[in-house]
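Visitor: Just dropping this structure here.
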Amino acid sequence: MPNTFQQSGAGQLADAGGEGLSLLFRAGTRPGAQDIARVIESSQAAGALARVSHMPESDEGWLELLANGLTFDVRGLAPASPVPITAPGYTFGFEFEDATQGLFEAVELLPSGHIAAGGRLQPVLRTMMGLAADLGLHLPVTGVAWGPAQTLMEPRYFSRMVLGWLSGGTFPALGLTALVRGTDGSIASQGLAHFTGQEMQIEGRAGESPADTVKLAIRVVDHLVRQGRIAEPMRIGTGPGALLLEPSQVGKLVLVWRESL
């Protein structure tokens, strides 16, 4: 989908690929540290395991959260300047394409302290996504941007998908990754390597609808996130519907083939 995103005068466009999530707000509606603290305190009352572990002076524009024994910074809070905004290449969950038009300011949630170097570990990613989903439900967030996949998600869509995943459901492949269709009908992931160290590409099949190929790709992405990086060929399923997964000898890529009939 064409990018309809604009940065506000206070923000600057940044390259994708960071370790954090950006929560987007209409200009002038960014929360301050006390607003974040109130949301976290309310969530604690509801049973969420998170608390504010450090709050400097409000004009510094950040605070630290502790969740499940892991620390995360929230940066770009009012009245300080917003953080740089990543221009997304793919949007998910918006009812209309022009819903993403406008001027935005970003607040970033990212791993901090002793866990910063382990920002791609599953416990860290899951906790961070859960925190962002909670904040997205209680603040006037207009979008959630995820740099590794260059995606922008409607906030309720993001929260619903993430909370479902954290409850044991399917990984949000349409949002935390992007699935890009090639001219040959294949589907390649973008952003999966942030979770597994590898991207994947599944071959297309003559006569198969694009929607059905995407469904298979979602199934493979979910399997790989649960499995982790693979070093040897493996099979998903049995019979004519089985898929063969083979790590490429060139690059960090998993090639996915159909079982021959």
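All residue names refer to the structure tokens as shown: chains lettered A, B, ... in order, residues numbered from 1 in each chain, ligands numbered from 1 in order.
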Set the distance at 9 Å and use only C-alpha atoms: which residues neighbour Gly28 (chain A) once local chain neighbours fewer than 5 positions away are removed? I'd like the list as an MDAnalysis selection string.

Guide: chainID A and resid 78 104:105

Visitor: Applying 12 Å and only C-alpha atoms, which residues near Trp257 (chain A) remain after dropping the ones on its own chain fewer than 6 positions away? List them as a list in words.

Guide: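 Listed by chain and then number, they are Ser186, Ile187, Met200, Gln201, Ile202, Glu203, Gly204, Arg205, Thr213, Leu216, Ala217, Val220, Pro233, Met234, Arg235, Ile236, Pro240, Gly241, Ala242, Leu243, Leu244, Leu245, Glu246 and Pro247 of chain A.
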
Visitor: Between CA of Val225 (chain A) and CA of Leu70 (chain A), what is the distance in Å, rounded to a tenth?

Guide: 20.8 Å

Visitor: Please give the complete set of residues from region 125-182 of chain A that DSSP, run on the backbone, assigns to strand (DSSP E), formatted as a ChimeraX atom specification.

Guide: /A:143-146,151-153,178-181

Visitor: Would you pick out the contacts of Thr29 (chain A) at 12 Å or less, using only C-alpha atoms, so that residues sharing its chain but fewer than 2 positions from it are not included, and give the list as a list in words?

Guide: Leu23, Leu24, Phe25, Arg26, Ala27, Pro31, Gly32, Asp35, Leu77, Ala78, Pro79, Pro82, Leu103, Phe104, Glu105, Ala106, Val107, Leu139, Pro140, Val141 and Thr142 of chain A

Visitor: Put those residues in a file: N, CA, C and O atoms, as a JSON list (two decimals), in the first residue's frame.

Guide:
```json
[["chain", "number", "residue", "atom", "x", "y", "z"],
["A", 23, "LEU", "N", 4.46, 4.58, 19.44],
["A", 23, "LEU", "CA", 3.04, 4.88, 19.60],
["A", 23, "LEU", "C", 2.83, 6.28, 19.04],
["A", 23, "LEU", "O", 3.47, 7.23, 19.49],
["A", 24, "LEU", "N", 1.93, 6.40, 18.07],
["A", 24, "LEU", "CA", 1.72, 7.66, 17.38],
["A", 24, "LEU", "C", 0.50, 8.39, 17.92],
["A", 24, "LEU", "O", -0.53, 7.79, 18.21],
["A", 25, "PHE", "N", 0.65, 9.72, 18.03],
["A", 25, "PHE", "CA", -0.41, 10.59, 18.55],
["A", 25, "PHE", "C", -0.58, 11.77, 17.61],
["A", 25, "PHE", "O", 0.38, 12.22, 16.99],
["A", 26, "ARG", "N", -1.81, 12.27, 17.52],
["A", 26, "ARG", "CA", -2.02, 13.52, 16.83],
["A", 26, "ARG", "C", -1.20, 14.61, 17.51],
["A", 26, "ARG", "O", -1.00, 14.58, 18.73],
["A", 27, "ALA", "N", -0.72, 15.56, 16.72],
["A", 27, "ALA", "CA", 0.09, 16.64, 17.27],
["A", 27, "ALA", "C", -0.66, 17.32, 18.42],
["A", 27, "ALA", "O", -1.84, 17.64, 18.32],
["A", 31, "PRO", "N", 1.14, 12.02, 25.49],
["A", 31, "PRO", "CA", 1.05, 11.98, 26.95],
["A", 31, "PRO", "C", 2.35, 12.44, 27.61],
["A", 31, "PRO", "O", 3.42, 12.43, 26.99],
["A", 32, "GLY", "N", 2.24, 12.82, 28.86],
["A", 32, "GLY", "CA", 3.40, 13.08, 29.69],
["A", 32, "GLY", "C", 3.68, 11.88, 30.59],
["A", 32, "GLY", "O", 2.95, 10.89, 30.58],
["A", 35, "ASP", "N", 0.82, 10.83, 32.81],
["A", 35, "ASP", "CA", -0.24, 10.11, 32.10],
["A", 35, "ASP", "C", 0.09, 8.63, 31.97],
["A", 35, "ASP", "O", -0.77, 7.76, 32.15],
["A", 77, "LEU", "N", 8.09, 11.71, 25.67],
["A", 77, "LEU", "CA", 6.89, 12.17, 26.36],
["A", 77, "LEU", "C", 6.84, 13.68, 26.44],
["A", 77, "LEU", "O", 7.88, 14.36, 26.49],
["A", 78, "ALA", "N", 5.63, 14.24, 26.44],
["A", 78, "ALA", "CA", 5.45, 15.68, 26.59],
["A", 78, "ALA", "C", 5.90, 16.10, 28.00],
["A", 78, "ALA", "O", 5.77, 15.30, 28.94],
["A", 79, "PRO", "N", 6.48, 17.28, 28.16],
["A", 79, "PRO", "CA", 6.60, 18.36, 27.18],
["A", 79, "PRO", "C", 7.90, 18.33, 26.36],
["A", 79, "PRO", "O", 8.16, 19.27, 25.62],
["A", 82, "PRO", "N", 9.16, 14.94, 20.69],
["A", 82, "PRO", "CA", 8.84, 13.55, 20.34],
["A", 82, "PRO", "C", 10.06, 12.86, 19.76],
["A", 82, "PRO", "O", 11.04, 13.51, 19.38],
["A", 103, "LEU", "N", -0.59, 14.59, 10.57],
["A", 103, "LEU", "CA", 0.65, 14.93, 11.25],
["A", 103, "LEU", "C", 0.68, 14.21, 12.60],
["A", 103, "LEU", "O", -0.26, 14.30, 13.38],
["A", 104, "PHE", "N", 1.77, 13.50, 12.86],
["A", 104, "PHE", "CA", 1.86, 12.69, 14.06],
["A", 104, "PHE", "C", 3.12, 13.03, 14.85],
["A", 104, "PHE", "O", 4.10, 13.53, 14.33],
["A", 105, "GLU", "N", 3.04, 12.70, 16.14],
["A", 105, "GLU", "CA", 4.21, 12.75, 17.02],
["A", 105, "GLU", "C", 4.32, 11.38, 17.68],
["A", 105, "GLU", "O", 3.31, 10.74, 17.95],
["A", 106, "ALA", "N", 5.54, 10.95, 17.93],
["A", 106, "ALA", "CA", 5.75, 9.58, 18.40],
["A", 106, "ALA", "C", 6.34, 9.53, 19.80],
["A", 106, "ALA", "O", 7.18, 10.34, 20.18],
["A", 107, "VAL", "N", 5.87, 8.54, 20.54],
["A", 107, "VAL", "CA", 6.44, 8.12, 21.82],
["A", 107, "VAL", "C", 6.95, 6.70, 21.60],
["A", 107, "VAL", "O", 6.26, 5.87, 21.01],
["A", 139, "LEU", "N", -4.74, 5.07, 25.96],
["A", 139, "LEU", "CA", -4.27, 6.39, 25.55],
["A", 139, "LEU", "C", -4.81, 6.70, 24.16],
["A", 139, "LEU", "O", -5.17, 5.78, 23.41],
["A", 140, "PRO", "N", -4.86, 7.98, 23.76],
["A", 140, "PRO", "CA", -5.40, 8.35, 22.43],
["A", 140, "PRO", "C", -4.41, 8.06, 21.30],
["A", 140, "PRO", "O", -4.06, 8.94, 20.52],
["A", 141, "VAL", "N", -3.96, 6.81, 21.23],
["A", 141, "VAL", "CA", -3.00, 6.40, 20.21],
["A", 141, "VAL", "C", -3.72, 6.32, 18.87],
["A", 141, "VAL", "O", -4.82, 5.77, 18.78],
["A", 142, "THR", "N", -3.10, 6.84, 17.82],
["A", 142, "THR", "CA", -3.71, 6.78, 16.48],
["A", 142, "THR", "C", -3.05, 5.72, 15.59],
["A", 142, "THR", "O", -3.58, 5.39, 14.53]]
```

Visitor: As an exercise, work out the distance from CA of Val221 (chain A) to CA of Gln122 (chain A) in Å and give it to one decimal place.

Guide: 14.5 Å

Visitor: What's the separation between CA of Val162 (chain A) and CA of Ala133 (chain A), in Å to one decimal place?

Guide: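 That distance, rounded to one decimal, is 6.8 Å.
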
Visitor: Could you give me, as a PDB file with C-alpha atoms, in the first residue's frame, the residues within 9 Å of Glu64 (chain A), counting only C-alpha atoms and dropping anything in the same chain fewer than 2 positions from it?

Guide:
```pdb
ATOM      1  CA  ARG A  51       5.069  -0.568  37.527  1.00  0.00           C
ATOM      2  CA  VAL A  52       6.962   2.686  37.106  1.00  0.00           C
ATOM      3  CA  SER A  53      10.502   2.009  38.322  1.00  0.00           C
ATOM      4  CA  HIS A  54      12.039   5.433  37.614  1.00  0.00           C
ATOM      5  CA  MET A  55      10.538   8.820  36.764  1.00  0.00           C
ATOM      6  CA  PRO A  56      12.902  11.795  36.291  1.00  0.00           C
ATOM      7  CA  TRP A  62      10.937   9.771  29.637  1.00  0.00           C
ATOM      8  CA  LEU A  66       9.453  -2.618  35.119  1.00  0.00           C
ATOM      9  CA  THR A  71      12.965  -2.806  32.217  1.00  0.00           C
ATOM     10  CA  PHE A  72      11.686  -0.643  29.372  1.00  0.00           C
ATOM     11  CA  ASP A  73      12.029   3.057  28.622  1.00  0.00           C
ATOM     12  CA  VAL A  74       9.182   5.217  27.366  1.00  0.00           C
ATOM     13  CA  ARG A  75      10.736   8.145  25.487  1.00  0.00           C
ATOM     14  CA  SER A 112      16.475  -0.557  28.455  1.00  0.00           C
TER      15      SER A 112
END
```

Visitor: When distances are computed from only C-alpha atoms, which of A:Glu199, A:Glu19, A:Glu259, A:Glu108 shows the smallest separation from Ile230 (chain A)?

Guide: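 The answer is A:Glu199, which sits nearest to Ile230 (chain A).
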
Visitor: Neighbours of Gln190 (chain A) within 8 Å (only C-alpha atoms; same-chain residues fewer than 5 positions away dropped), as a PDB file with all heavy atoms, in the first residue's frame?

Guide:
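Wrote it out as selection.pdb, contents follow:
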```pdb
ATOM      1  N   PRO A 148      11.147  -2.805  12.489  1.00  0.00           N
ATOM      2  CA  PRO A 148      11.740  -3.950  11.798  1.00  0.00           C
ATOM      3  C   PRO A 148      10.941  -4.438  10.596  1.00  0.00           C
ATOM      4  O   PRO A 148      11.508  -4.986   9.656  1.00  0.00           O
ATOM      5  CB  PRO A 148      11.814  -5.020  12.897  1.00  0.00           C
ATOM      6  CG  PRO A 148      11.972  -4.236  14.154  1.00  0.00           C
ATOM      7  CD  PRO A 148      11.100  -3.026  13.953  1.00  0.00           C
ATOM      8  N   ALA A 149       9.621  -4.276  10.626  1.00  0.00           N
ATOM      9  CA  ALA A 149       8.786  -4.698   9.500  1.00  0.00           C
ATOM     10  C   ALA A 149       8.293  -3.515   8.676  1.00  0.00           C
ATOM     11  O   ALA A 149       7.592  -3.713   7.679  1.00  0.00           O
ATOM     12  CB  ALA A 149       7.579  -5.491  10.004  1.00  0.00           C
ATOM     13  N   THR A 177       5.124  -8.598  11.291  1.00  0.00           N
ATOM     14  CA  THR A 177       5.892  -8.754  10.056  1.00  0.00           C
ATOM     15  C   THR A 177       5.027  -8.215   8.921  1.00  0.00           C
ATOM     16  O   THR A 177       3.843  -7.969   9.098  1.00  0.00           O
ATOM     17  CB  THR A 177       6.264 -10.225   9.756  1.00  0.00           C
ATOM     18  OG1 THR A 177       5.071 -10.954   9.432  1.00  0.00           O
ATOM     19  CG2 THR A 177       6.963 -10.887  10.920  1.00  0.00           C
ATOM     20  N   ALA A 178       5.620  -8.036   7.769  1.00  0.00           N
ATOM     21  CA  ALA A 178       4.868  -7.767   6.549  1.00  0.00           C
ATOM     22  C   ALA A 178       5.073  -8.956   5.628  1.00  0.00           C
ATOM     23  O   ALA A 178       6.151  -9.571   5.628  1.00  0.00           O
ATOM     24  CB  ALA A 178       5.351  -6.481   5.881  1.00  0.00           C
ATOM     25  N   LEU A 179       4.046  -9.308   4.867  1.00  0.00           N
ATOM     26  CA  LEU A 179       4.132 -10.402   3.903  1.00  0.00           C
ATOM     27  C   LEU A 179       4.007  -9.793   2.512  1.00  0.00           C
ATOM     28  O   LEU A 179       2.956  -9.260   2.148  1.00  0.00           O
ATOM     29  CB  LEU A 179       3.041 -11.436   4.163  1.00  0.00           C
ATOM     30  CG  LEU A 179       3.119 -12.127   5.537  1.00  0.00           C
ATOM     31  CD1 LEU A 179       1.941 -13.072   5.737  1.00  0.00           C
ATOM     32  CD2 LEU A 179       4.444 -12.873   5.696  1.00  0.00           C
ATOM     33  N   VAL A 180       5.089  -9.873   1.755  1.00  0.00           N
ATOM     34  CA  VAL A 180       5.202  -9.154   0.491  1.00  0.00           C
ATOM     35  C   VAL A 180       5.108 -10.146  -0.667  1.00  0.00           C
ATOM     36  O   VAL A 180       5.879 -11.106  -0.731  1.00  0.00           O
ATOM     37  CB  VAL A 180       6.527  -8.379   0.425  1.00  0.00           C
ATOM     38  CG1 VAL A 180       6.602  -7.551  -0.847  1.00  0.00           C
ATOM     39  CG2 VAL A 180       6.691  -7.481   1.660  1.00  0.00           C
ATOM     40  N   GLU A 199      14.412 -14.598   7.634  1.00  0.00           N
ATOM     41  CA  GLU A 199      13.186 -14.314   6.904  1.00  0.00           C
ATOM     42  C   GLU A 199      12.735 -15.609   6.225  1.00  0.00           C
ATOM     43  O   GLU A 199      13.453 -16.605   6.217  1.00  0.00           O
ATOM     44  CB  GLU A 199      13.423 -13.216   5.857  1.00  0.00           C
ATOM     45  CG  GLU A 199      13.845 -11.875   6.442  1.00  0.00           C
ATOM     46  CD  GLU A 199      12.763 -11.204   7.281  1.00  0.00           C
ATOM     47  OE1 GLU A 199      11.591 -11.633   7.238  1.00  0.00           O
ATOM     48  OE2 GLU A 199      13.102 -10.235   7.989  1.00  0.00           O
TER      49      GLU A 199
END
```

Visitor: Using only C-alpha atoms, find the one residue out of A:Gly113, A:Gly93, A:Gly143, A:Pro84 that sits nearest to Met161 (chain A).

Guide: A:Gly93

Visitor: Quick one: of A:His194, A:Arg30, A:Arg126, A:His114, who's nearest to Leu163 (chain A), counting only C-alpha atoms?

Guide: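 Among the listed residues, A:Arg126 lies closest to Leu163 (chain A).
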
Visitor: Could you pull out all residues of region 35-198 of chain A with a DSSP call of helix (DSSP H, G or I) and give them as a VMD selection string?

Guide: chain A and resid 35 to 45 58 to 60 97 to 100 113 to 118 122 to 138 147 to 149 155 to 166 173 to 176 193 to 196
